[in-house]
Each structure stands twice: as C-alpha cells, then as structure tokens.
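**Student:** Got target.csv for you, CSV, C-alpha atoms (C1' of nucleotides):
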chain,number,residue,atom,x,y,z
C,983,MET,CA,4.9,9.7,-21.4
C,984,SER,CA,6.6,6.3,-20.9
C,985,GLU,CA,8.4,7.0,-24.1
C,986,HIS,CA,11.2,5.2,-22.5
C,987,SER,CA,9.2,2.1,-21.9
C,988,LYS,CA,7.2,1.2,-25.0
C,989,ASP,CA,7.7,-2.4,-23.9
C,990,PRO,CA,4.4,-3.5,-22.3
C,991,GLU,CA,6.4,-5.6,-19.8
C,992,THR,CA,8.4,-2.8,-18.3
C,993,LEU,CA,6.9,-0.2,-16.0
C,994,LEU,CA,9.0,2.7,-14.9
C,995,LEU,CA,7.1,4.3,-12.1
C,996,ALA,CA,9.0,7.6,-12.5
C,997,ASP,CA,7.7,7.8,-16.1
C,998,PHE,CA,4.2,6.5,-15.5
C,999,LEU,CA,1.7,9.4,-16.0
C,1000,PRO,CA,-0.9,8.3,-13.5
C,1001,TYR,CA,1.7,7.8,-10.8
C,1002,ARG,CA,3.3,11.2,-11.5
C,1003,LEU,CA,-0.1,12.9,-11.4
C,1004,SER,CA,-1.0,11.3,-8.2
C,1005,VAL,CA,2.2,12.2,-6.4
C,1006,LEU,CA,2.1,15.8,-7.7
C,1007,SER,CA,-1.5,16.3,-6.9
C,1008,ASN,CA,-1.3,14.9,-3.4
C,1009,ARG,CA,1.6,17.0,-2.5
C,1010,ILE,CA,0.0,20.2,-3.8
C,1011,SER,CA,-3.3,19.5,-2.1
C,1012,ARG,CA,-1.5,18.8,1.2
C,1013,SER,CA,0.6,22.0,0.9
C,1014,ILE,CA,-2.5,24.2,0.4
C,1015,ALA,CA,-4.5,22.5,3.1
C,1016,ASP,CA,-1.5,23.1,5.5
C,1017,GLY,CA,-2.2,26.8,4.9
C,1018,TYR,CA,-5.7,26.8,6.2
C,1019,GLU,CA,-6.6,23.5,8.0
C,1020,GLU,CA,-5.2,24.3,11.4
C,1021,ARG,CA,-5.7,28.0,11.2
C,1022,PHE,CA,-9.4,27.8,10.3
C,1023,GLN,CA,-10.2,24.4,11.6
C,1024,LEU,CA,-11.3,23.5,8.1
C,1025,THR,CA,-10.7,20.1,6.4
C,1026,LEU,CA,-10.2,19.8,2.7
C,1027,PRO,CA,-13.7,18.4,1.9
C,1028,GLU,CA,-15.2,21.2,4.0
C,1029,TRP,CA,-13.2,23.8,2.1
C,1030,ARG,CA,-14.3,22.3,-1.2
C,1031,VAL,CA,-17.9,22.6,-0.3
C,1032,MET,CA,-17.4,26.2,0.9
C,1033,ALA,CA,-15.5,27.1,-2.3
C,1034,VAL,CA,-18.2,25.9,-4.5
C,1035,LEU,CA,-20.9,27.7,-2.5
C,1036,GLY,CA,-18.8,30.8,-2.4
C,1037,GLU,CA,-18.7,30.7,-6.2
C,1038,GLN,CA,-22.4,29.8,-6.6
C,1039,PRO,CA,-24.8,29.9,-3.7
C,1040,ASP,CA,-28.1,27.9,-3.3
C,1041,LEU,CA,-26.9,24.6,-4.6
C,1042,SER,CA,-28.3,21.4,-3.4
C,1043,ALA,CA,-26.0,18.8,-1.8
C,1044,GLY,CA,-26.2,16.8,-5.0
C,1045,GLN,CA,-25.1,19.7,-7.1
C,1046,VAL,CA,-22.2,20.3,-4.7
C,1047,ALA,CA,-21.2,16.7,-5.1
C,1048,ASP,CA,-21.3,17.0,-8.9
C,1049,ARG,CA,-19.2,20.1,-9.0
C,1050,THR,CA,-16.6,19.0,-6.6
C,1051,ALA,CA,-16.4,15.4,-7.8
C,1052,MET,CA,-16.9,14.4,-4.2
C,1053,ASP,CA,-19.3,11.6,-3.4
C,1054,LYS,CA,-22.6,12.4,-1.8
C,1055,VAL,CA,-21.6,10.8,1.6
C,1056,ALA,CA,-18.5,13.0,1.8
C,1057,VAL,CA,-20.7,16.1,0.9
C,1058,SER,CA,-23.2,15.1,3.5
C,1059,ARG,CA,-20.6,14.8,6.2
C,1060,ALA,CA,-18.9,18.1,5.3
C,1061,VAL,CA,-22.2,19.8,5.2
C,1062,SER,CA,-23.2,18.6,8.6
C,1063,LYS,CA,-19.9,19.8,10.1
C,1064,LEU,CA,-20.2,23.1,8.4
C,1065,LEU,CA,-23.8,23.5,9.7
C,1066,ASP,CA,-22.6,22.7,13.2
C,1067,ALA,CA,-19.9,25.3,12.9
C,1068,GLY,CA,-22.3,27.9,11.6
C,1069,ARG,CA,-20.4,28.3,8.4
C,1070,ILE,CA,-23.2,27.5,6.0
C,1071,GLU,CA,-27.0,27.7,6.1
C,1072,ARG,CA,-29.4,25.2,4.8
C,1073,HIS,CA,-33.1,25.2,4.0
C,1074,PHE,CA,-35.1,22.9,1.9
C,1075,ALA,CA,-36.8,23.5,-1.4
C,1076,ASN,CA,-40.6,24.0,-1.2
C,1077,GLU,CA,-41.2,22.1,-4.5
C,1078,ASP,CA,-39.2,19.2,-3.2
C,1079,LYS,CA,-38.6,18.9,0.5
C,1080,ARG,CA,-35.8,16.4,0.1
C,1081,ARG,CA,-33.7,18.8,-1.8
C,1082,SER,CA,-31.4,21.0,0.3
C,1083,VAL,CA,-30.5,24.6,-0.6
C,1084,LEU,CA,-27.1,25.5,0.7
C,1085,ALA,CA,-25.3,28.8,1.1
C,1086,LEU,CA,-22.5,30.3,3.1
C,1087,SER,CA,-23.5,32.0,6.3
C,1088,GLU,CA,-22.1,35.5,7.1
C,1089,ASP,CA,-19.4,33.7,9.0
C,1090,GLY,CA,-18.8,31.3,6.2
C,1091,HIS,CA,-18.3,34.3,3.8
C,1092,LYS,CA,-15.7,35.8,6.1
C,1093,ILE,CA,-13.7,32.5,6.1
C,1094,TYR,CA,-14.2,32.2,2.3
C,1095,ARG,CA,-12.7,35.6,1.8
C,1096,ASP,CA,-9.8,34.7,4.0
C,1097,VAL,CA,-9.0,31.3,2.6
C,1098,THR,CA,-9.5,32.1,-1.1
C,1099,PRO,CA,-6.4,34.3,-1.4
C,1100,ILE,CA,-4.3,31.6,0.3
C,1101,ALA,CA,-5.4,29.1,-2.3
C,1102,LEU,CA,-4.9,31.4,-5.2
C,1103,GLU,CA,-1.5,32.6,-4.0
C,1104,TYR,CA,-0.3,29.0,-3.8
C,1105,GLU,CA,-1.5,28.4,-7.3
C,1106,ALA,CA,0.2,31.6,-8.4
C,1107,LYS,CA,3.5,30.5,-6.9
C,1108,LEU,CA,3.2,27.2,-8.5
C,1109,LEU,CA,2.9,28.8,-11.9
C,1110,GLU,CA,5.2,31.7,-11.3
C,1111,GLU,CA,7.9,30.3,-13.5
C,1112,PHE,CA,5.4,29.5,-16.3
C,1113,SER,CA,5.1,31.8,-19.3
C,1114,ASP,CA,1.6,32.6,-20.5
C,1115,ASP,CA,2.2,30.2,-23.4
C,1116,GLU,CA,3.1,27.4,-21.0
C,1117,LYS,CA,0.0,28.1,-18.9
C,1118,ARG,CA,-2.2,27.9,-21.9
C,1119,LEU,CA,-0.5,24.7,-23.0
C,1120,LEU,CA,-0.9,23.2,-19.6
C,1121,ASP,CA,-4.5,24.2,-19.5
C,1122,GLY,CA,-5.2,22.6,-22.9
C,1123,LEU,CA,-3.3,19.4,-22.1
C,1124,LEU,CA,-5.3,19.0,-18.9
C,1125,VAL,CA,-8.6,19.6,-20.7
C,1126,LYS,CA,-7.6,16.9,-23.2
C,1127,LEU,CA,-6.5,14.4,-20.5
C,1128,ASN,CA,-9.7,15.0,-18.7
C,1129,ALA,CA,-11.7,14.2,-21.8
C,1130,SER,CA,-9.6,11.2,-22.5
C,1131,GLN,CA,-10.1,9.9,-18.9
C,1132,LEU,CA,-13.8,10.2,-19.2
C,1133,GLU,CA,-14.0,8.2,-22.4
C,1134,THR,CA,-11.5,5.7,-21.2
C,1135,SER,CA,-13.3,4.9,-17.9
C,1136,ASP,CA,-16.9,4.3,-18.8
C,1137,GLY,CA,-17.7,3.8,-22.5
D,1425,MET,CA,-4.3,28.7,-15.0
D,1426,SER,CA,-7.1,30.8,-13.5
D,1427,GLU,CA,-6.3,33.3,-16.3
D,1428,HIS,CA,-10.0,34.1,-16.0
D,1429,SER,CA,-9.7,35.0,-12.4
D,1430,LYS,CA,-6.7,37.2,-11.7
D,1431,ASP,CA,-8.8,38.8,-9.0
D,1432,PRO,CA,-7.5,37.4,-5.7
D,1433,GLU,CA,-11.1,37.4,-4.4
D,1434,THR,CA,-12.5,35.1,-6.9
D,1435,LEU,CA,-11.9,31.4,-7.0
D,1436,LEU,CA,-13.3,29.4,-9.9
D,1437,LEU,CA,-12.9,25.8,-8.9
D,1438,ALA,CA,-13.1,24.7,-12.5
D,1439,ASP,CA,-10.1,26.8,-13.4
D,1440,PHE,CA,-8.1,26.1,-10.2
D,1441,LEU,CA,-5.1,24.0,-11.1
D,1442,PRO,CA,-4.7,22.1,-7.8
D,1443,TYR,CA,-8.4,21.2,-7.9
D,1444,ARG,CA,-8.2,20.1,-11.5
D,1445,LEU,CA,-5.2,17.9,-10.9
D,1446,SER,CA,-6.8,16.3,-7.9
D,1447,VAL,CA,-10.0,15.4,-9.6
D,1448,LEU,CA,-8.1,14.1,-12.7
D,1449,SER,CA,-5.6,12.1,-10.8
D,1450,ASN,CA,-8.1,10.5,-8.4
D,1451,ARG,CA,-10.3,9.4,-11.3
D,1452,ILE,CA,-7.3,8.0,-13.2
D,1453,SER,CA,-6.0,6.1,-10.2
D,1454,ARG,CA,-9.4,4.7,-9.4
D,1455,SER,CA,-9.9,3.5,-13.0
D,1456,ILE,CA,-6.6,1.7,-13.1
D,1457,ALA,CA,-7.2,0.2,-9.7
D,1458,ASP,CA,-10.6,-1.0,-10.8
D,1459,GLY,CA,-8.7,-3.1,-13.4
D,1460,TYR,CA,-6.7,-5.1,-10.9
D,1461,GLU,CA,-8.0,-4.7,-7.3
D,1462,GLU,CA,-10.8,-7.3,-7.4
D,1463,ARG,CA,-9.2,-9.6,-9.9
D,1464,PHE,CA,-5.9,-9.9,-8.1
D,1465,GLN,CA,-7.0,-9.0,-4.5
D,1466,LEU,CA,-4.5,-6.2,-4.6
D,1467,THR,CA,-4.9,-2.7,-3.2
D,1468,LEU,CA,-3.3,0.4,-4.7
D,1469,PRO,CA,-0.6,0.7,-2.0
D,1470,GLU,CA,0.2,-2.9,-2.4
D,1471,TRP,CA,0.5,-2.6,-6.1
D,1472,ARG,CA,2.8,0.4,-5.7
D,1473,VAL,CA,5.2,-1.6,-3.6
D,1474,MET,CA,5.1,-4.4,-6.0
D,1475,ALA,CA,5.7,-2.1,-9.0
D,1476,VAL,CA,8.8,-0.5,-7.4
D,1477,LEU,CA,10.2,-3.9,-6.4
D,1478,GLY,CA,9.5,-5.3,-9.9
D,1479,GLU,CA,11.5,-2.4,-11.3
D,1480,GLN,CA,14.3,-2.7,-8.8
D,1481,PRO,CA,14.5,-5.6,-6.3
D,1482,ASP,CA,16.3,-5.7,-2.9
D,1483,LEU,CA,15.1,-2.3,-1.7
D,1484,SER,CA,14.5,-1.6,2.0
D,1485,ALA,CA,11.1,-0.5,3.2
D,1486,GLY,CA,12.5,3.0,3.6
D,1487,GLN,CA,13.7,3.1,0.0
D,1488,VAL,CA,10.4,1.8,-1.2
D,1489,ALA,CA,8.7,4.7,0.8
D,1490,ASP,CA,11.0,7.2,-0.8
D,1491,ARG,CA,10.4,6.0,-4.3
D,1492,THR,CA,6.7,5.6,-4.1
D,1493,ALA,CA,6.1,8.8,-2.0
D,1494,MET,CA,4.2,6.7,0.4
D,1495,ASP,CA,4.8,7.1,4.1
D,1496,LYS,CA,6.6,4.4,6.0
D,1497,VAL,CA,3.5,3.3,7.9
D,1498,ALA,CA,1.7,2.7,4.6
D,1499,VAL,CA,4.7,0.8,3.3
D,1500,SER,CA,4.9,-1.3,6.4
D,1501,ARG,CA,1.3,-2.3,6.1
D,1502,ALA,CA,1.5,-3.1,2.5
D,1503,VAL,CA,4.6,-5.1,3.0
D,1504,SER,CA,3.1,-7.2,5.7
D,1505,LYS,CA,0.0,-8.0,3.6
D,1506,LEU,CA,2.2,-8.9,0.7
D,1507,LEU,CA,4.3,-11.1,2.9
D,1508,ASP,CA,1.2,-12.8,4.2
D,1509,ALA,CA,0.0,-13.4,0.6
D,1510,GLY,CA,3.4,-14.7,-0.3
D,1511,ARG,CA,3.9,-12.1,-3.0
D,1512,ILE,CA,7.1,-10.7,-1.7
D,1513,GLU,CA,10.0,-12.1,0.3
D,1514,ARG,CA,11.9,-10.3,3.0
D,1515,HIS,CA,15.2,-10.9,4.6
D,1516,PHE,CA,17.3,-8.5,6.7
D,1517,ALA,CA,20.6,-7.0,5.9
D,1518,ASN,CA,23.6,-8.6,7.7
D,1519,GLU,CA,25.3,-5.3,8.2
D,1520,ASP,CA,22.2,-3.8,9.7
D,1521,LYS,CA,19.6,-6.2,11.0
D,1522,ARG,CA,16.9,-3.5,11.1
D,1523,ARG,CA,17.1,-2.9,7.5
D,1524,SER,CA,14.8,-5.1,5.4
D,1525,VAL,CA,15.6,-6.3,1.9
D,1526,LEU,CA,12.5,-6.8,-0.1
D,1527,ALA,CA,11.9,-8.5,-3.4
D,1528,LEU,CA,9.0,-10.1,-5.3
D,1529,SER,CA,8.5,-13.8,-4.8
D,1530,GLU,CA,8.0,-16.0,-7.8
D,1531,ASP,CA,4.2,-15.6,-7.3
D,1532,GLY,CA,4.7,-11.8,-7.0
D,1533,HIS,CA,6.5,-11.8,-10.3
D,1534,LYS,CA,3.7,-13.6,-12.0
D,1535,ILE,CA,1.2,-11.0,-10.7
D,1536,TYR,CA,3.6,-8.2,-11.7
D,1537,ARG,CA,3.8,-9.5,-15.2
D,1538,ASP,CA,0.0,-9.7,-15.3
D,1539,VAL,CA,-0.8,-6.2,-13.8
D,1540,THR,CA,1.9,-4.2,-15.6
D,1541,PRO,CA,0.3,-4.4,-19.0
D,1542,ILE,CA,-3.1,-3.4,-17.5
D,1543,ALA,CA,-1.5,-0.2,-16.1
D,1544,LEU,CA,0.4,0.5,-19.2
D,1545,GLU,CA,-2.5,-0.1,-21.5
D,1546,TYR,CA,-4.6,2.3,-19.5
D,1547,GLU,CA,-1.9,5.0,-19.8
D,1548,ALA,CA,-1.6,4.3,-23.5
D,1549,LYS,CA,-5.4,4.8,-23.9
D,1550,LEU,CA,-5.2,8.0,-21.9
D,1551,LEU,CA,-2.6,9.3,-24.2
D,1552,GLU,CA,-3.8,7.8,-27.4
D,1553,GLU,CA,-5.0,11.1,-28.8
D,1554,PHE,CA,-1.8,12.9,-27.9
D,1555,SER,CA,0.8,13.6,-30.6
D,1556,ASP,CA,4.4,12.9,-29.7
D,1557,ASP,CA,4.9,16.6,-29.4
D,1558,GLU,CA,2.0,16.9,-26.9
D,1559,LYS,CA,3.4,14.0,-24.9
D,1560,ARG,CA,6.8,15.7,-24.7
D,1561,LEU,CA,5.1,19.0,-23.7
D,1562,LEU,CA,3.1,17.4,-21.0
D,1563,ASP,CA,6.1,15.6,-19.7
D,1564,GLY,CA,8.1,18.8,-19.5
D,1565,LEU,CA,5.3,20.8,-17.9
D,1566,LEU,CA,4.8,18.1,-15.2
D,1567,VAL,CA,8.5,18.1,-14.5
D,1568,LYS,CA,8.4,21.8,-14.1
D,1569,LEU,CA,5.3,21.8,-11.9
D,1570,ASN,CA,6.9,19.2,-9.8
D,1571,ALA,CA,10.0,21.3,-9.3
D,1572,SER,CA,7.9,24.3,-8.5
D,1573,GLN,CA,5.9,22.3,-6.0
D,1574,LEU,CA,9.0,21.3,-4.2
D,1575,GLU,CA,10.3,24.8,-3.9
D,1576,THR,CA,7.0,26.2,-2.9
D,1577,SER,CA,6.3,23.8,-0.1
D,1578,ASP,CA,9.4,23.8,2.1
D,1579,GLY,CA,11.9,26.6,1.4
S,87,DT,C1',-56.0,7.1,-6.4
S,88,DG,C1',-52.5,4.0,-4.9
S,89,DC,C1',-48.5,1.2,-5.2
S,90,DA,C1',-43.8,0.4,-7.2
S,91,DA,C1',-39.7,2.7,-8.6
S,92,DT,C1',-36.7,6.5,-8.3
S,93,DT,C1',-34.2,10.2,-6.0
S,94,DA,C1',-32.1,13.2,-2.1
S,95,DG,C1',-29.7,12.8,1.7
S,96,DT,C1',-28.2,10.3,6.1
S,97,DT,C1',-26.6,6.6,9.0
S,98,DA,C1',-24.0,2.5,10.1
S,99,DC,C1',-20.2,-0.2,9.7
S,100,DG,C1',-15.9,-2.1,8.2
S,101,DA,C1',-11.6,-0.9,6.0
S,102,DA,C1',-8.0,2.5,5.2
S,103,DT,C1',-5.2,6.3,6.9
S,104,DG,C1',-2.0,9.2,9.7
S,105,DA,C1',0.2,10.8,13.8
S,106,DA,C1',2.4,9.4,17.7
S,107,DA,C1',4.3,6.1,20.7
S,108,DC,C1',7.0,2.2,20.7
S,109,DT,C1',10.8,-1.7,19.9
S,110,DA,C1',15.0,-3.1,18.3
S,111,DA,C1',19.5,-2.1,16.2
S,112,DT,C1',23.1,0.9,15.2
S,113,DA,C1',25.9,5.0,15.5
S,114,DT,C1',28.1,8.6,18.3
S,115,DA,C1',30.0,11.3,22.2
S,116,DG,C1',32.3,11.4,26.4
N,1292,DC,C1',33.5,0.9,26.9
N,1293,DT,C1',28.9,2.8,28.1
N,1294,DA,C1',25.2,6.0,27.9
N,1295,DT,C1',22.7,8.8,24.7
N,1296,DA,C1',20.9,9.8,20.3
N,1297,DT,C1',19.4,8.2,15.9
N,1298,DT,C1',17.4,5.2,12.6
N,1299,DA,C1',14.3,1.2,10.6
N,1300,DG,C1',10.3,-0.5,11.0
N,1301,DT,C1',6.0,-1.8,13.7
N,1302,DT,C1',1.9,-1.1,16.5
N,1303,DT,C1',-1.7,1.5,18.5
N,1304,DC,C1',-5.3,4.6,18.5
N,1305,DA,C1',-8.3,8.0,16.8
N,1306,DT,C1',-10.1,9.7,12.6
N,1307,DT,C1',-11.5,9.4,7.9
N,1308,DC,C1',-13.5,7.2,4.1
N,1309,DG,C1',-16.3,4.4,1.1
N,1310,DT,C1',-19.9,1.0,0.3
N,1311,DA,C1',-24.2,-0.5,1.4
N,1312,DA,C1',-28.4,-0.2,3.8
N,1313,DC,C1',-31.7,2.9,5.2
N,1314,DT,C1',-35.4,6.9,5.5
N,1315,DA,C1',-38.2,10.2,3.5
N,1316,DA,C1',-40.1,12.6,-0.4
N,1317,DT,C1',-41.4,12.4,-5.1
N,1318,DT,C1',-42.6,10.5,-9.6
N,1319,DG,C1',-44.8,7.4,-12.7
N,1320,DC,C1',-47.8,4.3,-14.2
N,1321,DA,C1',-51.8,1.2,-13.9
Rewrite the structure of this file - the entire thing - as structure tokens.
**Tutor:**
Amino acid sequence: MSEHSKDPETLLLADFLPYRLSVLSNRISRSIADGYEERFQLTLPEWRVMAVLGEQPDLSAGQVADRTAMDKVAVSRAVSKLLDAGRIERHFANEDKRRSVLALSEDGHKIYRDVTPIALEYEAKLLEEFSDDEKRLLDGLLVKLNASQLETSDG
Amino acid sequence: MSEHSKDPETLLLADFLPYRLSVLSNRISRSIADGYEERFQLTLPEWRVMAVLGEQPDLSAGQVADRTAMDKVAVSRAVSKLLDAGRIERHFANEDKRRSVLALSEDGHKIYRDVTPIALEYEAKLLEEFSDDEKRLLDGLLVKLNASQLETSDG
DNA sequence: TGCAATTAGTTACGAATGAAACTAATATAG
DNA sequence: CTATATTAGTTTCATTCGTAACTAATTGCA
C-alpha cells in the first residue's frame, strides 16, 4: 500500500491501508444492518450474538465475546436485550453457576433463518464480480493481514 | 469468501467477509490510535481531520467530511475541539461566509509531523511480510471491493 | 478448612455518536 | 426586489459505548 508515499513524512489518506479498511468496512456493515435493523428490531451487536449462537449453541457469554471480538460488556447488553425480546434462552452451568449457557429460542431461530440469507446475499453481491481466484486471493491476504495485526499489536 | 458455505442457510462468521473486515479494521484502528491518543491527547476523529488538512490545507468542513467519510456532525465536533486546542485555524470564505476554511496551525503541523510516522510505521509493520506483488494485489482487491460496495448500497 | 486471588458477568457513569432540529448565509423563482 | 428553498455548519437530545467498579461463584494455596 502507500507505495506512492514511502516518505515517512507524507501520509496520503486515500492510500493508507488502515483508513481504507475502516471506511470500507463501516460502509459494508452499515449497508447490511440497514437490511435487518428496522425490519427485525435488531441491532448489529444483537445480530452478532445471534449469528454465533445460530452457528453453535450453548456457548457462554465469554465464549460469545471471544468469537465475535466483542467485549464482554457489549455481549452482556446484547444478551439482556435478546432475553427480554425472547430471542435467546439462558441457563447456567451446574458445574459453575456463574457461567451462562446461551442458545437461540424458537423465535430466535426463526429470525436467524430470516436474517442469514440477507447477510449472505449481501456478501454474494459484494463478491459477484470476483473470480474464484480473486476470492481465494482476498481470503489469503486477509488471513495474512490478520496474523500480522495480531503480532504487531501485542508482542 | 464463504466458499465453504454456499448454502444460503448457513452462516459461518469466521468466513463471512463483512465480519472479517470489521474485526480486522477495528483492531487495526485501535492499535494505531493507542499509539497517539494518550500521548497527544488526540482522538481518532480529530486525527482524521488533521491528517486530511495536513495533506491538503484550506478545505471547508464539508470537504473534510467528504474526504474522511465522516459525517458533518463528527467533523464539526472534531473541528471545535481542535480549535480549542489551537491545533487548527479557521477563517471563513469571503464569497460565502458560511463556508469555513480550515488549516493546521503551527502547533498542529508539529503534531502532524509527529503522528504521521507513527501511523505509517504501523502500516509498514502490518505489510512487512507482504511482497510487492501481494501489496499490489491487496490494493487492487480493495479498490474493487470498494467499487462493488458503492454499487451494492445505493443503486 | 478458610482466606486471598481469579473469573463470569453486570452495573454505573462519563464520553462518544447519530438523527433531527436549528441558525445563518446564499441561491433561486416569481 | 422579496419570499422560498437550499446549503454550511452547529446544537440538542436520546442512545450507544467503553472503562472501571462491583457482585457472585470458584479456585488455589497455606
């Protein structure tokens, strides 16, 4: 990236990878959320929790946080709204009564089945002009960026 | 993406492009911001405004909003904090007294010169394992995704 | 055992955010 | 001209968000 600006004094926002990713990602997330938020009265963090529980039920709040890269407070809030709305069910583990065990309710499953295709169709449209090769390439580059990010941030 | 899940019923978050971009991008932005926020008492939106003014001075608030993909309220707030801190200067255009003309102050320039290398070094680290080919590829794929996003959202 | 440290999750509170209403200046239509 | 519509930017208000403090349950170690 920034091949145009090797000079460490010059920052061209339009070439700056973190900036580009941020703008792109925010626009995409917003577009998808527009497809379900109003219609299902469902915020993005709530949908993330539902998506992960639809994929794998009986996770704890902490596990949900790990998988969605949300922080535990955000998960706690989303969970409590989803419980109020009757979209998930919660019980607590016998062997550790702090640990919650979360799963979609029947109602939650219904919404999950409705929203999932909206999300996937959006992704499909986004990638509709991409060849299989390009998709694989993109996948690989994102995996690599992700690994690089993890190294770069902490150790 | 989601090559694993062509089935429109099944959403694998870990394969879902919008989700992956969001997690990656948020982590990257956070890491960079950690490098300057506390040290320079500078929030991310404030830095974005400074970055664009450092690159091209004498923009109006609206032009800053367009170039940073921030909304005008966010720009207004960032501008007013930057004015308070003496990091930018504002006057108003003679031919249209509503339109602001913004530029970094001397102090702002100093900060700009300090923060820019932090941002660029982070980007460089992120891409340090990428060959030139891979960088070009990534650049092209992001350009394409961006175009696709624009089409997909509105018309 | 029993007390300190850790862990799961929630609550409280201040800061950040976004939508909508507002103000002031300019452009446009009659 | 003058009234209406539009545009630039700000303010307000309600919501969202993140950090830190808190509660409750569990673990570890003396």
**Student:** Find the residues with any atom within 7 Å of (0.0, 5.9, 7.5); use only C-alpha atoms (C1' of nucleotides) and the coordinates as given in the file, and write the answer as a PyMOL selection string.
**Tutor:** (chain D and resi 1495-1498) or (chain S and resi 103-104)
**Student:** Compute the chain D side of the contact with chain S at 12 Å, counting all atoms listed in the file, and hand it back as a ChimeraX atom specification.
**Tutor:** /D:1467-1469,1494-1499,1501-1502,1516-1523
**Student:** Check the smallest atom-to-atom distance from each of N:DA1299, N:DC1304, N:DA1316, N:DA1311 to chain C using only C-alpha atoms (C1' of nucleotides), then report the winner.
**Tutor:** N:DA1316
**Student:** Might you pull out every residue within 12 Å of Leu1006 in chain C, with only C-alpha atoms (C1' of nucleotides) counted and same-chain residues fewer than 6 positions away left off, and present them as a PyMOL selection string?
**Tutor:** (chain C and resi 996+999-1000+1012-1013+1108) or (chain D and resi 1441-1446+1448-1450+1492-1493+1565-1574+1577)
**Student:** With all atoms listed in the file counted and 12 Å as the cut-off, give the residues of chain N in contact with chain D, each with its shortest interatomic distance in Å and the pair that gives it, as a Markdown table.
**Tutor:**
| residue | atom | partner | partner_atom | distance |
| --- | --- | --- | --- | --- |
| N:DT1298 | C1' | D:Arg1522 | CA | 8.8 |
| N:DA1299 | C1' | D:Arg1522 | CA | 5.4 |
| N:DG1300 | C1' | D:Ser1500 | CA | 7.1 |
| N:DT1301 | C1' | D:Ser1500 | CA | 7.4 |
| N:DT1302 | C1' | D:Val1497 | CA | 9.8 |
| N:DT1303 | C1' | D:Val1497 | CA | 11.9 |
**Student:** In Å, with one decimal, what is the gap from CA of Leu1102 in chain C to CA of Ile1014 in chain C?
**Tutor:**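 Straight-line distance from CA of Leu1102 in chain C to CA of Ile1014 in chain C works out to 9.4 Å.
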**Student:** How far is it from CA of Gly1068 in chain C to CA of Leu1086 in chain C, in Å with one decimal?
**Tutor:**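 Interatomic distance, CA of Gly1068 in chain C to CA of Leu1086 in chain C: 8.8 Å.
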**Student:** Would you mind reading off the distance between CA of Glu1513 in chain D and CA of Ser1529 in chain D, one decimal, in Å?
**Tutor:**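 Separation of CA of Glu1513 in chain D and CA of Ser1529 in chain D: 5.6 Å.
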**Student:** If we count all atoms listed in the file and set the cut-off at 12 Å, which residues sit around Leu1437 in chain D, ignoring sequence neighbours fewer than 3 positions away in its own chain? Please answer as a PDB file with C-alpha atoms, in the frame of the given file.
**Tutor:**
ATOM      1  CA  TRP C1029     -13.200  23.800   2.100  1.00  0.00           C
ATOM      2  CA  ARG C1030     -14.300  22.300  -1.200  1.00  0.00           C
ATOM      3  CA  VAL C1031     -17.900  22.600  -0.300  1.00  0.00           C
ATOM      4  CA  MET C1032     -17.400  26.200   0.900  1.00  0.00           C
ATOM      5  CA  ALA C1033     -15.500  27.100  -2.300  1.00  0.00           C
ATOM      6  CA  VAL C1034     -18.200  25.900  -4.500  1.00  0.00           C
ATOM      7  CA  LEU C1035     -20.900  27.700  -2.500  1.00  0.00           C
ATOM      8  CA  GLY C1036     -18.800  30.800  -2.400  1.00  0.00           C
ATOM      9  CA  GLU C1037     -18.700  30.700  -6.200  1.00  0.00           C
ATOM     10  CA  GLN C1038     -22.400  29.800  -6.600  1.00  0.00           C
ATOM     11  CA  VAL C1046     -22.200  20.300  -4.700  1.00  0.00           C
ATOM     12  CA  ARG C1049     -19.200  20.100  -9.000  1.00  0.00           C
ATOM     13  CA  THR C1050     -16.600  19.000  -6.600  1.00  0.00           C
ATOM     14  CA  ALA C1051     -16.400  15.400  -7.800  1.00  0.00           C
ATOM     15  CA  THR C1098      -9.500  32.100  -1.100  1.00  0.00           C
ATOM     16  CA  ALA C1101      -5.400  29.100  -2.300  1.00  0.00           C
ATOM     17  CA  LEU C1102      -4.900  31.400  -5.200  1.00  0.00           C
ATOM     18  CA  GLU C1105      -1.500  28.400  -7.300  1.00  0.00           C
TER      19      GLU C1105
ATOM     20  CA  MET D1425      -4.300  28.700 -15.000  1.00  0.00           C
ATOM     21  CA  SER D1426      -7.100  30.800 -13.500  1.00  0.00           C
ATOM     22  CA  HIS D1428     -10.000  34.100 -16.000  1.00  0.00           C
ATOM     23  CA  SER D1429      -9.700  35.000 -12.400  1.00  0.00           C
ATOM     24  CA  THR D1434     -12.500  35.100  -6.900  1.00  0.00           C
ATOM     25  CA  PHE D1440      -8.100  26.100 -10.200  1.00  0.00           C
ATOM     26  CA  LEU D1441      -5.100  24.000 -11.100  1.00  0.00           C
ATOM     27  CA  PRO D1442      -4.700  22.100  -7.800  1.00  0.00           C
ATOM     28  CA  TYR D1443      -8.400  21.200  -7.900  1.00  0.00           C
ATOM     29  CA  ARG D1444      -8.200  20.100 -11.500  1.00  0.00           C
ATOM     30  CA  LEU D1445      -5.200  17.900 -10.900  1.00  0.00           C
ATOM     31  CA  SER D1446      -6.800  16.300  -7.900  1.00  0.00           C
ATOM     32  CA  VAL D1447     -10.000  15.400  -9.600  1.00  0.00           C
TER      33      VAL D1447
END
